[in-house]
Structures are given as C-alpha cells and as structure tokens.
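Trainee: Sharing a structure below in structure tokens format, with a few things to ask.
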Amino acid sequence: MPKATQAPRSQKIKRASKTRARKNSESATALKLLQQARDAAWNGKHARALELCTQLLAQSNLDIPAQLDALDVRVESYIAQGQLDLAAQDAKRMVKLAKTNSPISNLQSQALNRLALVQMRTGELQAAVKTATRA
C-alpha cells in the first residue's frame, strides 16, 4: 500500500479512537450523574435529584435509555415534592421519547408505568388503568 493512503487512514483511525474515547468518557459521566440522582432521590434529597437530572438531560449526546432513566428519576422527585404538573409533563415526554425513538418495548413500558403513576396521583384513575394496561 502506498504511503500516501496510509497517512489518511491512520489519521482516520486516530480520530475514530478519540471519538470513541470521548463518548465512553461522556457515557461514564452520564452514568455517574444518573446514579447520584437516584441516590439523592432515594435519600429524600429531591431538589438535588432534580438538579442532577436536569443537568443530565441538558447533554445533547444522551442516548434514549439514559434520557428515560433521568426523566424517570425526575418524575419521581417531582411527585415527592408535590409538583404533579411537572411530573405529568416529564412522564408524557417519556412516553413520546419511548414511542417515537425506540421500538424496544421495555422502554415503552417504563414510560407508560411512570405516566400511570402520575395519573393515579392526580386522581385520573380511569386513565391510569388504561395506561397501565397498555404498559
């Protein structure tokens, strides 16, 4: 193989390696933030959990399962703080994300289950039963 074609190929490989390393680092950071948010919510520190989830959701490169997990924790914390309108908005966002961007049924189930919980808390019991049945 001529040297002229080797240099561009090696540069492509280096760029690809750097891109993979950056994505792995970003994924690790996202997972760490998500775990911190879960821990905060579990320990009753819902304001902190909301802050961490909002920070995580602001990342443009977050994959759909991670977005759903962050929204899930945020909905849980909104419910705990009595902010049911915000919980409902995020639960509906979860359903939309799971439906339009992922054919994986467990993600749709996660989103529908969280929406059903919000519907129960807001007194929409018939809607909650229908949503839970869809899940």
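By order in the structure tokens, chains are A, B, ...; within a chain, residues start at 1; ligands start at 1, following the order shown.
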Set the distance at 10 Å and use only C-alpha atoms: which residues neighbour Trp42 (chain A) once local chain neighbours fewer than 6 positions away are removed? I'd like the list as an MDAnalysis selection string.

Mentor: chainID A and resid 36 49 73 76:77

Trainee: Write out as a PDB file with N, CA and C atoms, in the first residue's frame which residues come within 10 Å of Arg121 (chain A) when counting only C-alpha atoms, dropping same-chain ones fewer than 2 positions away.

Mentor:
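Once written, selection_36.pdb looks like this:
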```pdb
ATOM      1  N   ILE A  79     -42.999  14.235  41.909  1.00  0.00           N
ATOM      2  CA  ILE A  79     -44.128  13.685  42.661  1.00  0.00           C
ATOM      3  C   ILE A  79     -43.889  13.864  44.161  1.00  0.00           C
ATOM      4  N   GLY A  82     -44.639  17.209  45.264  1.00  0.00           N
ATOM      5  CA  GLY A  82     -45.996  17.670  45.009  1.00  0.00           C
ATOM      6  C   GLY A  82     -46.152  18.486  43.747  1.00  0.00           C
ATOM      7  N   LEU A  84     -47.019  17.944  40.647  1.00  0.00           N
ATOM      8  CA  LEU A  84     -47.612  16.946  39.766  1.00  0.00           C
ATOM      9  C   LEU A  84     -47.729  17.408  38.323  1.00  0.00           C
ATOM     10  N   ALA A  87     -44.401  16.705  36.883  1.00  0.00           N
ATOM     11  CA  ALA A  87     -44.259  15.252  36.779  1.00  0.00           C
ATOM     12  C   ALA A  87     -45.016  14.737  35.558  1.00  0.00           C
ATOM     13  N   ALA A  88     -46.209  15.261  35.344  1.00  0.00           N
ATOM     14  CA  ALA A  88     -47.006  14.837  34.189  1.00  0.00           C
ATOM     15  C   ALA A  88     -46.335  15.220  32.875  1.00  0.00           C
ATOM     16  N   LEU A 115     -46.130   7.201  33.687  1.00  0.00           N
ATOM     17  CA  LEU A 115     -47.290   8.035  33.390  1.00  0.00           C
ATOM     18  C   LEU A 115     -48.505   7.571  34.195  1.00  0.00           C
ATOM     19  N   ALA A 116     -48.702   6.262  34.286  1.00  0.00           N
ATOM     20  CA  ALA A 116     -49.821   5.732  35.066  1.00  0.00           C
ATOM     21  C   ALA A 116     -49.711   6.145  36.535  1.00  0.00           C
ATOM     22  N   LEU A 117     -48.515   6.139  37.064  1.00  0.00           N
ATOM     23  CA  LEU A 117     -48.312   6.559  38.450  1.00  0.00           C
ATOM     24  C   LEU A 117     -48.700   8.028  38.633  1.00  0.00           C
ATOM     25  N   VAL A 118     -48.278   8.868  37.704  1.00  0.00           N
ATOM     26  CA  VAL A 118     -48.633  10.286  37.772  1.00  0.00           C
ATOM     27  C   VAL A 118     -50.149  10.445  37.669  1.00  0.00           C
ATOM     28  N   GLN A 119     -50.766   9.703  36.772  1.00  0.00           N
ATOM     29  CA  GLN A 119     -52.212   9.792  36.608  1.00  0.00           C
ATOM     30  C   GLN A 119     -52.934   9.366  37.891  1.00  0.00           C
ATOM     31  N   GLY A 123     -55.376  11.813  40.432  1.00  0.00           N
ATOM     32  CA  GLY A 123     -56.783  11.434  40.530  1.00  0.00           C
ATOM     33  C   GLY A 123     -57.408  10.965  39.232  1.00  0.00           C
ATOM     34  N   GLU A 124     -56.618  10.793  38.196  1.00  0.00           N
ATOM     35  CA  GLU A 124     -57.123  10.316  36.905  1.00  0.00           C
ATOM     36  C   GLU A 124     -57.072   8.789  36.890  1.00  0.00           C
ATOM     37  N   LEU A 125     -57.914   8.179  37.711  1.00  0.00           N
ATOM     38  CA  LEU A 125     -57.811   6.735  37.927  1.00  0.00           C
ATOM     39  C   LEU A 125     -58.164   5.899  36.706  1.00  0.00           C
ATOM     40  N   ALA A 128     -55.338   6.106  34.352  1.00  0.00           N
ATOM     41  CA  ALA A 128     -54.206   5.345  34.883  1.00  0.00           C
ATOM     42  C   ALA A 128     -54.348   3.855  34.597  1.00  0.00           C
TER      43      ALA A 128
END
```

Trainee: Could you please determine the separation between CA of Asn113 (chain A) and CA of Leu52 (chain A) in Å, to one decimal place?

Mentor: 22.2 Å

Trainee: Which residue gives the smallest distance to Ala47 (chain A) among A:Gln67, A:Gln83, A:Ser105, A:Gln35, with only C-alpha atoms counted?

Mentor: A:Gln83

Trainee: Compile the contact shell of Arg48 (chain A) as a JSON list (two decimals) with N, CA and C atoms, in the first residue's frame: residues with an atom at most 12 Å away, counting only C-alpha atoms, same-chain residues fewer than 3 positions apart removed.

Mentor:
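Full text of selection.json as output:
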```
[["chain", "number", "residue", "atom", "x", "y", "z"],
["A", 33, "LEU", "N", -23.70, 10.70, 37.00],
["A", 33, "LEU", "CA", -24.72, 11.70, 37.36],
["A", 33, "LEU", "C", -26.06, 11.03, 37.64],
["A", 34, "LEU", "N", -26.42, 10.06, 36.81],
["A", 34, "LEU", "CA", -27.69, 9.36, 36.98],
["A", 34, "LEU", "C", -27.71, 8.61, 38.32],
["A", 36, "GLN", "N", -25.96, 9.34, 40.98],
["A", 36, "GLN", "CA", -26.03, 10.35, 42.04],
["A", 36, "GLN", "C", -27.47, 10.86, 42.20],
["A", 37, "ALA", "N", -28.16, 11.04, 41.08],
["A", 37, "ALA", "CA", -29.56, 11.49, 41.13],
["A", 37, "ALA", "C", -30.44, 10.44, 41.79],
["A", 38, "ARG", "N", -30.24, 9.18, 41.43],
["A", 38, "ARG", "CA", -31.02, 8.10, 42.06],
["A", 38, "ARG", "C", -30.77, 8.06, 43.56],
["A", 39, "ASP", "N", -29.50, 8.16, 43.94],
["A", 39, "ASP", "CA", -29.15, 8.14, 45.36],
["A", 39, "ASP", "C", -29.79, 9.31, 46.10],
["A", 40, "ALA", "N", -29.75, 10.48, 45.49],
["A", 40, "ALA", "CA", -30.34, 11.67, 46.12],
["A", 40, "ALA", "C", -31.84, 11.47, 46.30],
["A", 41, "ALA", "N", -32.52, 10.98, 45.28],
["A", 41, "ALA", "CA", -33.96, 10.74, 45.37],
["A", 41, "ALA", "C", -34.27, 9.69, 46.45],
["A", 42, "TRP", "N", -33.50, 8.64, 46.46],
["A", 42, "TRP", "CA", -33.70, 7.56, 47.43],
["A", 42, "TRP", "C", -33.55, 8.08, 48.86],
["A", 43, "ASN", "N", -32.64, 9.02, 49.05],
["A", 43, "ASN", "CA", -32.37, 9.58, 50.37],
["A", 43, "ASN", "C", -33.24, 10.80, 50.68],
["A", 44, "GLY", "N", -34.23, 11.07, 49.85],
["A", 44, "GLY", "CA", -35.16, 12.16, 50.11],
["A", 44, "GLY", "C", -34.64, 13.54, 49.73],
["A", 45, "LYS", "N", -33.53, 13.60, 49.03],
["A", 45, "LYS", "CA", -32.97, 14.89, 48.60],
["A", 45, "LYS", "C", -33.43, 15.17, 47.17],
["A", 51, "GLU", "N", -31.99, 18.65, 40.26],
["A", 51, "GLU", "CA", -30.85, 19.41, 39.70],
["A", 51, "GLU", "C", -29.97, 18.51, 38.85],
["A", 52, "LEU", "N", -29.64, 17.33, 39.37],
["A", 52, "LEU", "CA", -28.76, 16.41, 38.64],
["A", 52, "LEU", "C", -29.42, 15.89, 37.36],
["A", 53, "CYS", "N", -30.70, 15.56, 37.44],
["A", 53, "CYS", "CA", -31.40, 15.05, 36.26],
["A", 53, "CYS", "C", -31.52, 16.13, 35.19],
["A", 54, "THR", "N", -31.79, 17.35, 35.61],
["A", 54, "THR", "CA", -31.88, 18.45, 34.65],
["A", 54, "THR", "C", -30.54, 18.68, 33.98],
["A", 55, "GLN", "N", -29.48, 18.60, 34.76],
["A", 55, "GLN", "CA", -28.12, 18.73, 34.21],
["A", 55, "GLN", "C", -27.84, 17.62, 33.21],
["A", 73, "VAL", "N", -36.39, 9.43, 37.13],
["A", 73, "VAL", "CA", -35.98, 9.90, 38.46],
["A", 73, "VAL", "C", -36.55, 11.29, 38.70],
["A", 74, "ARG", "N", -36.55, 12.12, 37.68],
["A", 74, "ARG", "CA", -37.05, 13.48, 37.84],
["A", 74, "ARG", "C", -38.55, 13.47, 38.12],
["A", 77, "SER", "N", -39.11, 12.54, 41.69],
["A", 77, "SER", "CA", -38.81, 13.65, 42.60],
["A", 77, "SER", "C", -39.86, 14.75, 42.52],
["A", 78, "TYR", "N", -40.38, 15.02, 41.33],
["A", 78, "TYR", "CA", -41.46, 15.99, 41.21],
["A", 78, "TYR", "C", -42.69, 15.52, 42.01],
["A", 81, "GLN", "N", -42.26, 16.04, 45.65],
["A", 81, "GLN", "CA", -42.35, 17.44, 46.03],
["A", 81, "GLN", "C", -43.74, 18.03, 45.76]]
```

Trainee: As an exercise, work out the distance from CA of Met120 (chain A) to CA of Gln108 (chain A) in Å and give it to one decimal place.

Mentor: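 CA of Met120 (chain A) sits 18.2 Å away from CA of Gln108 (chain A).
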
Trainee: Check the smallest atom-to-atom distance from each of A:Lys32, A:Arg93, A:His46, A:Arg134 to Leu71 (chain A) using only C-alpha atoms, then report the winner.

Mentor: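 Going through A:Lys32, A:Arg93, A:His46, A:Arg134 one by one, the smallest distance to Leu71 (chain A) is for A:Arg93.
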
Trainee: Using CA of Ser109 (chain A) and CA of Thr131 (chain A) as the two end points, give the distance in Å to one decimal.

Mentor: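 CA of Thr131 (chain A) lies 9.6 Å from CA of Ser109 (chain A).
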
Trainee: May I have the residues within 8 Å of Asp72 (chain A) as a ChimeraX atom specification, using only C-alpha atoms and disregarding those fewer than 5 positions away in the same chain?

Mentor: /A:90-91,94,111,114

Trainee: Would you give me, as a count of residues only, the residues in region 29-125 of chain A that DSSP reads as helix (DSSP H, G or I)?

Mentor: 79

Trainee: Taking only C-alpha atoms into account, which of A:Asn106, A:Leu56, A:Val95, A:Ala132 comes nearest Ala28 (chain A)?

Mentor: A:Leu56
